[in-house]
file upload_17.txt (compact mmCIF, C-alpha atoms and all ligand atoms)
# COMPACT_ATOMS: atom_id res chain seq x y z
CA MET A 1 -42.64 14.89 16.10
CA ALA A 2 -40.96 12.80 18.80
CA LYS A 3 -37.45 11.65 17.96
CA MET A 4 -37.22 8.03 16.85
CA LYS A 5 -35.21 5.88 19.22
CA THR A 6 -32.87 3.43 17.59
CA VAL A 7 -30.92 0.68 19.31
CA LEU A 8 -27.88 -1.19 18.05
CA PHE A 9 -27.94 -4.96 18.53
CA PRO A 10 -24.41 -6.25 17.85
CA GLY A 11 -23.21 -9.81 17.70
CA SER A 12 -21.61 -12.58 15.71
CA PHE A 13 -24.95 -14.21 14.84
CA ASP A 14 -23.14 -17.30 13.54
CA PRO A 15 -25.94 -18.25 13.18
CA LEU A 16 -28.99 -16.30 14.35
CA THR A 17 -30.93 -18.29 16.97
CA TYR A 18 -34.45 -18.13 18.41
CA GLY A 19 -32.82 -16.41 21.40
CA HIS A 20 -31.73 -13.51 19.18
CA VAL A 21 -35.11 -13.42 17.44
CA ASP A 22 -36.85 -13.16 20.80
CA ILE A 23 -34.60 -10.30 21.92
CA VAL A 24 -35.29 -8.41 18.67
CA SER A 25 -39.06 -8.86 18.89
CA ARG A 26 -39.18 -7.73 22.50
CA ALA A 27 -36.88 -4.77 21.87
CA LEU A 28 -39.27 -3.60 19.15
CA HIS A 29 -41.79 -2.88 21.93
CA ILE A 30 -39.28 -0.52 23.52
CA PHE A 31 -37.37 1.03 20.62
CA ASP A 32 -38.64 2.35 17.29
CA ASN A 33 -35.89 0.85 15.19
CA ILE A 34 -33.13 -1.71 15.52
CA VAL A 35 -29.85 -1.84 13.67
CA ILE A 36 -28.46 -5.37 13.86
CA GLY A 37 -24.68 -5.10 13.61
CA VAL A 38 -23.08 -8.32 12.39
CA LEU A 39 -19.43 -8.56 13.34
CA SER A 40 -17.23 -9.27 10.38
CA ASN A 41 -14.07 -10.77 11.77
CA PRO A 42 -12.32 -13.07 9.29
CA GLN A 43 -9.85 -14.13 12.01
CA LYS A 44 -12.66 -15.53 14.13
CA GLY A 45 -13.30 -18.36 11.65
CA SER A 46 -17.07 -18.20 11.37
CA LEU A 47 -19.26 -20.87 9.80
CA PHE A 48 -21.21 -18.33 7.71
CA THR A 49 -19.51 -15.36 6.08
CA ALA A 50 -20.61 -11.95 7.36
CA GLU A 51 -22.52 -11.41 4.09
CA GLU A 52 -24.35 -14.72 4.47
CA ARG A 53 -25.26 -13.89 8.06
CA VAL A 54 -26.60 -10.49 7.01
CA GLU A 55 -28.69 -12.02 4.21
CA LEU A 56 -30.15 -14.67 6.52
CA ILE A 57 -31.06 -12.15 9.22
CA ARG A 58 -32.63 -9.85 6.61
CA GLU A 59 -34.68 -12.78 5.38
CA GLN A 60 -35.83 -13.62 8.89
CA PHE A 61 -36.98 -10.04 9.54
CA PHE A 62 -38.20 -9.32 6.01
CA ASP A 63 -41.67 -8.33 7.23
CA LEU A 64 -40.12 -5.86 9.66
CA LYS A 65 -37.62 -4.38 7.24
CA GLU A 66 -38.89 -0.84 7.89
CA ARG A 67 -37.78 -1.17 11.51
CA VAL A 68 -35.02 -3.77 11.48
CA VAL A 69 -31.93 -2.95 9.48
CA VAL A 70 -29.03 -5.38 9.20
CA GLU A 71 -25.43 -4.36 8.48
CA THR A 72 -21.93 -5.70 8.98
CA PHE A 73 -19.31 -3.91 11.00
CA SER A 74 -15.66 -4.48 11.75
CA GLY A 75 -13.38 -2.88 14.29
CA LEU A 76 -14.74 -1.22 17.40
CA LEU A 77 -18.42 -1.39 18.18
CA VAL A 78 -18.43 2.14 19.60
CA GLU A 79 -17.07 3.48 16.29
CA PHE A 80 -19.85 1.75 14.40
CA ALA A 81 -22.40 3.14 16.88
CA LYS A 82 -21.00 6.64 16.37
CA GLU A 83 -21.14 6.28 12.61
CA LYS A 84 -24.81 5.26 12.90
CA GLU A 85 -25.51 8.00 15.49
CA ILE A 86 -26.82 5.43 17.95
CA ASN A 87 -26.01 5.61 21.65
CA VAL A 88 -27.78 2.54 23.02
CA VAL A 89 -26.39 -0.95 22.58
CA LEU A 90 -28.68 -3.93 23.15
CA ARG A 91 -27.49 -7.27 24.51
CA GLY A 92 -29.33 -10.35 25.67
CA LEU A 93 -28.40 -11.94 28.99
CA ARG A 94 -29.07 -15.63 29.34
CA ALA A 95 -27.63 -16.56 32.70
CA ILE A 96 -25.28 -15.39 35.39
CA SER A 97 -22.49 -17.01 33.34
CA ASP A 98 -22.97 -14.34 30.65
CA PHE A 99 -22.67 -11.56 33.16
CA ASP A 100 -18.87 -11.26 33.53
CA TYR A 101 -18.21 -11.01 29.82
CA GLU A 102 -21.15 -8.67 29.24
CA ALA A 103 -20.17 -6.41 32.13
CA GLN A 104 -16.60 -6.22 30.83
CA MET A 105 -17.80 -5.29 27.37
CA ALA A 106 -20.31 -2.74 28.62
CA LEU A 107 -17.71 -1.07 30.85
CA MET A 108 -15.07 -1.12 28.11
CA ASN A 109 -17.49 0.42 25.65
CA LYS A 110 -18.47 3.03 28.22
CA SER A 111 -14.84 3.93 28.84
CA LEU A 112 -14.16 4.13 25.09
CA SER A 113 -17.26 6.21 24.51
CA PRO A 114 -18.99 7.66 27.60
CA GLU A 115 -22.21 8.49 25.75
CA ILE A 116 -22.84 4.79 25.02
CA GLU A 117 -25.34 2.98 27.22
CA THR A 118 -25.76 -0.80 27.21
CA PHE A 119 -29.32 -2.04 27.57
CA PHE A 120 -29.79 -5.66 28.66
CA LEU A 121 -32.81 -7.83 28.09
CA MET A 122 -33.08 -11.07 29.97
CA THR A 123 -33.48 -13.97 27.56
CA ARG A 124 -36.78 -15.80 27.84
CA GLU A 125 -36.36 -18.90 30.00
CA LYS A 126 -37.18 -21.35 27.22
CA TYR A 127 -34.33 -19.95 25.12
CA SER A 128 -31.86 -19.54 27.94
CA TYR A 129 -29.78 -22.60 27.01
CA ILE A 130 -29.54 -21.77 23.30
CA SER A 131 -26.33 -20.45 21.81
CA SER A 132 -24.91 -20.26 18.30
CA SER A 133 -22.01 -22.47 19.36
CA LEU A 134 -24.40 -25.15 20.65
CA VAL A 135 -26.19 -25.06 17.28
CA LYS A 136 -22.84 -25.63 15.55
CA GLN A 137 -22.17 -28.63 17.78
CA VAL A 138 -25.48 -30.30 16.99
CA ALA A 139 -26.26 -29.43 13.36
CA PRO A 140 -23.22 -30.98 11.62
CA PHE A 141 -24.14 -34.39 13.03
CA GLY A 142 -27.71 -34.20 11.83
CA GLY A 143 -29.14 -33.43 15.28
CA SER A 144 -32.40 -31.50 15.23
CA VAL A 145 -32.02 -27.74 15.62
CA GLN A 146 -35.72 -27.11 15.05
CA GLU A 147 -36.15 -25.76 18.56
CA LEU A 148 -33.02 -23.63 18.37
CA VAL A 149 -33.11 -21.69 15.10
CA PRO A 150 -35.81 -20.42 12.73
CA PRO A 151 -36.53 -22.32 9.46
CA VAL A 152 -34.43 -20.02 7.23
CA ILE A 153 -31.39 -20.83 9.38
CA GLN A 154 -32.26 -24.55 9.48
CA GLN A 155 -32.19 -24.58 5.66
CA ALA A 156 -28.94 -22.63 5.52
CA LEU A 157 -27.29 -25.00 7.99
CA LYS A 158 -28.37 -27.98 5.88
CA HIS A 159 -26.86 -26.41 2.76
CA LYS A 160 -23.72 -25.32 4.52
CA TYR A 161 -22.96 -28.70 6.03
CA SER A 162 -23.77 -30.63 2.85
CA ALA A 163 -21.50 -28.26 0.92
CA LEU A 164 -18.75 -28.81 3.47
CA LYS A 165 -18.95 -32.60 3.20
O1 LIG B 201 -22.40 -12.56 19.65
P1 LIG B 201 -21.13 -12.22 20.35
O2 LIG B 201 -19.97 -12.95 19.71
O3 LIG B 201 -21.20 -12.43 21.83
O4 LIG B 201 -20.89 -10.64 20.10
C1 LIG B 201 -19.74 -10.00 20.56
C2 LIG B 201 -19.58 -8.59 19.93
C3 LIG B 201 -19.62 -8.66 18.42
C4 LIG B 201 -20.70 -7.70 20.42
C5 LIG B 201 -18.23 -8.04 20.43
O5 LIG B 201 -17.22 -8.98 20.22
C6 LIG B 201 -17.82 -6.73 19.76
O6 LIG B 201 -18.43 -5.71 19.94
N1 LIG B 201 -16.73 -6.79 18.96
C7 LIG B 201 -16.17 -5.66 18.28
C8 LIG B 201 -14.92 -5.16 19.02
C9 LIG B 201 -15.34 -4.31 20.20
O7 LIG B 201 -15.67 -3.16 20.07
N2 LIG B 201 -15.41 -4.94 21.39
C10 LIG B 201 -16.01 -4.30 22.56
C11 LIG B 201 -14.99 -3.75 23.47
S1 LIG B 201 -14.45 -5.02 24.52
call {"tool": "encode", "arguments": {"input": "upload_17.txt", "output": "structure tokens", "more": "lines below"}}
Ligand code: PNS
result
Amino acid sequence: MAKMKTVLFPGSFDPLTYGHVDIVSRALHIFDNIVIGVLSNPQKGSLFTAEERVELIREQFFDLKERVVVETFSGLLVEFAKEKEINVVLRGLRAISDFDYEAQMALMNKSLSPEIETFFLMTREKYSYISSSLVKQVAPFGGSVQELVPPVIQQALKHKYSALK
């Protein structure tokens, strides 16, 4: 039997956006399985805890749970990849402005762990302006995020911001 190819999709996902969802669904045409690695970094001051982010992403991909696994990680990405025995890291590229940061990360990861390859997918044009930080600028003021995040995240944002009031 052919070996299953798994890719690691790391990020903060604070919160998951339609941009991320699009990258995952397109990557499923290329890879057999995806491990979504949610960075747990208490110093970074996230809106949702790592556990909340994992739960929300699992909910979003519930129907694909045989192929999409969601876990938290802390520390170095390459160490997490090693632990999972994955050597391809997936990242979405929105615009040229993402390139510098992404290239730095890809090269750093490669120098830390030469067997790691970074695989980039260009974000679909209609999602190219969406970012988690933009969502967090709009949602607390009651602005519509319907076009930016899936319904499970819309609900979670509503709860989060009403709890924070
Ligand atoms: O969604 P983000 O915030 O752009 O994701 C960034 C992430 C989580 C992929 C990156 O910060 C990361 O991998 N952090 C773990 C530490 C690490 O290994 N950094 C890469 C070497 S520079």
call {"tool": "residues_near_ligand", "arguments": {"input": "upload_17.txt", "ligand": "ligand LIG 201 (chain B)", "cutoff": "10 Å", "atoms": "all atoms listed in the file", "output": "number ranges by chain"}}
result
A: 8-16, 20, 37-41, 44, 73-81, 89-92, 98, 101-112, 131-133
call {"tool": "closest_residue", "arguments": {"input": "upload_17.txt", "among": "A:Ser97, A:Pro114, A:Ile130, A:Ile153", "to": "Val54 of chain A", "atoms": "all atoms listed in the file"}}
result
A:Ile153
call {"tool": "residues_around", "arguments": {"input": "upload_17.txt", "residues": "segment 64-70 of chain A", "least_positions_apart": "3", "cutoff": "8 Å", "atoms": "all atoms listed in the file", "output": "PyMOL selection string"}}
result
chain A and resi 32-38+54+57-58+61
call {"tool": "closest_residue", "arguments": {"input": "upload_17.txt", "among": "A:Lys3, A:Ser162, A:Asp22, A:Leu47", "to": "Met122 of chain A", "atoms": "all atoms listed in the file"}}
result
A:Asp22
call {"tool": "residues_near_point", "arguments": {"input": "upload_17.txt", "point": "(-23.6, -25.1, 13.5)", "cutoff": "10 Å", "atoms": "all atoms listed in the file", "output": "list of chain:residue names"}}
result
A:Asp14, A:Pro15, A:Ser46, A:Leu47, A:Phe48, A:Ser131, A:Ser132, A:Ser133, A:Leu134, A:Val135, A:Lys136, A:Gln137, A:Val138, A:Ala139, A:Pro140, A:Phe141, A:Val145, A:Ile153, A:Gln154, A:Ala156, A:Leu157, A:Lys158, A:Lys160, A:Tyr161
call {"tool": "closest_residue", "arguments": {"input": "upload_17.txt", "among": "A:Val24, A:Gly143, A:Thr72, A:Ile116", "to": "Thr49 of chain A", "atoms": "all atoms listed in the file"}}
result
A:Thr72
call {"tool": "atom_distance", "arguments": {"input": "upload_17.txt", "atom1": "atom CA of Glu55 of chain A", "atom2": "atom CA of Thr17 of chain A"}}
result
14.4 Å
call {"tool": "closest_residue", "arguments": {"input": "upload_17.txt", "among": "A:His29, A:Ala50, A:Ile23, A:Gly45", "to": "Leu93 of chain A", "atoms": "all atoms listed in the file"}}
result
A:Ile23
call {"tool": "atom_distance", "arguments": {"input": "upload_17.txt", "atom1": "atom CA of Tyr18 of chain A", "atom2": "atom CA of Glu147 of chain A"}}
result
7.8 Å
call {"tool": "closest_residue", "arguments": {"input": "upload_17.txt", "among": "A:Lys5, A:Leu164, A:Val152, A:Gly19", "to": "Lys126 of chain A", "atoms": "all atoms listed in the file"}}
result
A:Gly19
call {"tool": "closest_residue", "arguments": {"input": "upload_17.txt", "among": "A:Val88, A:Ala95, A:Ala163, A:Val149", "to": "Glu125 of chain A", "atoms": "only C-alpha atoms"}}
result
A:Ala95
call {"tool": "residues_near_point", "arguments": {"input": "upload_17.txt", "point": "(-27.9, 7.6, 22.8)", "cutoff": "8 Å", "atoms": "all atoms listed in the file", "output": "PyMOL selection string"}}
result
chain A and resi 85-88+115-117
call {"tool": "write_last_selection", "arguments": {"input": "upload_17.txt", "atoms": "C-alpha atoms", "output": "compact mmCIF listing (two decimals), in the coordinates of the input"}}
result
# COMPACT_ATOMS: atom_id res chain seq x y z
CA GLU A 85 -25.51 8.00 15.49
CA ILE A 86 -26.82 5.43 17.95
CA ASN A 87 -26.01 5.61 21.65
CA VAL A 88 -27.78 2.54 23.02
CA GLU A 115 -22.21 8.49 25.75
CA ILE A 116 -22.84 4.79 25.02
CA GLU A 117 -25.34 2.98 27.22
call {"tool": "atom_distance", "arguments": {"input": "upload_17.txt", "atom1": "atom CA of Val21 of chain A", "atom2": "atom CA of Pro150 of chain A"}}
result
8.5 Å
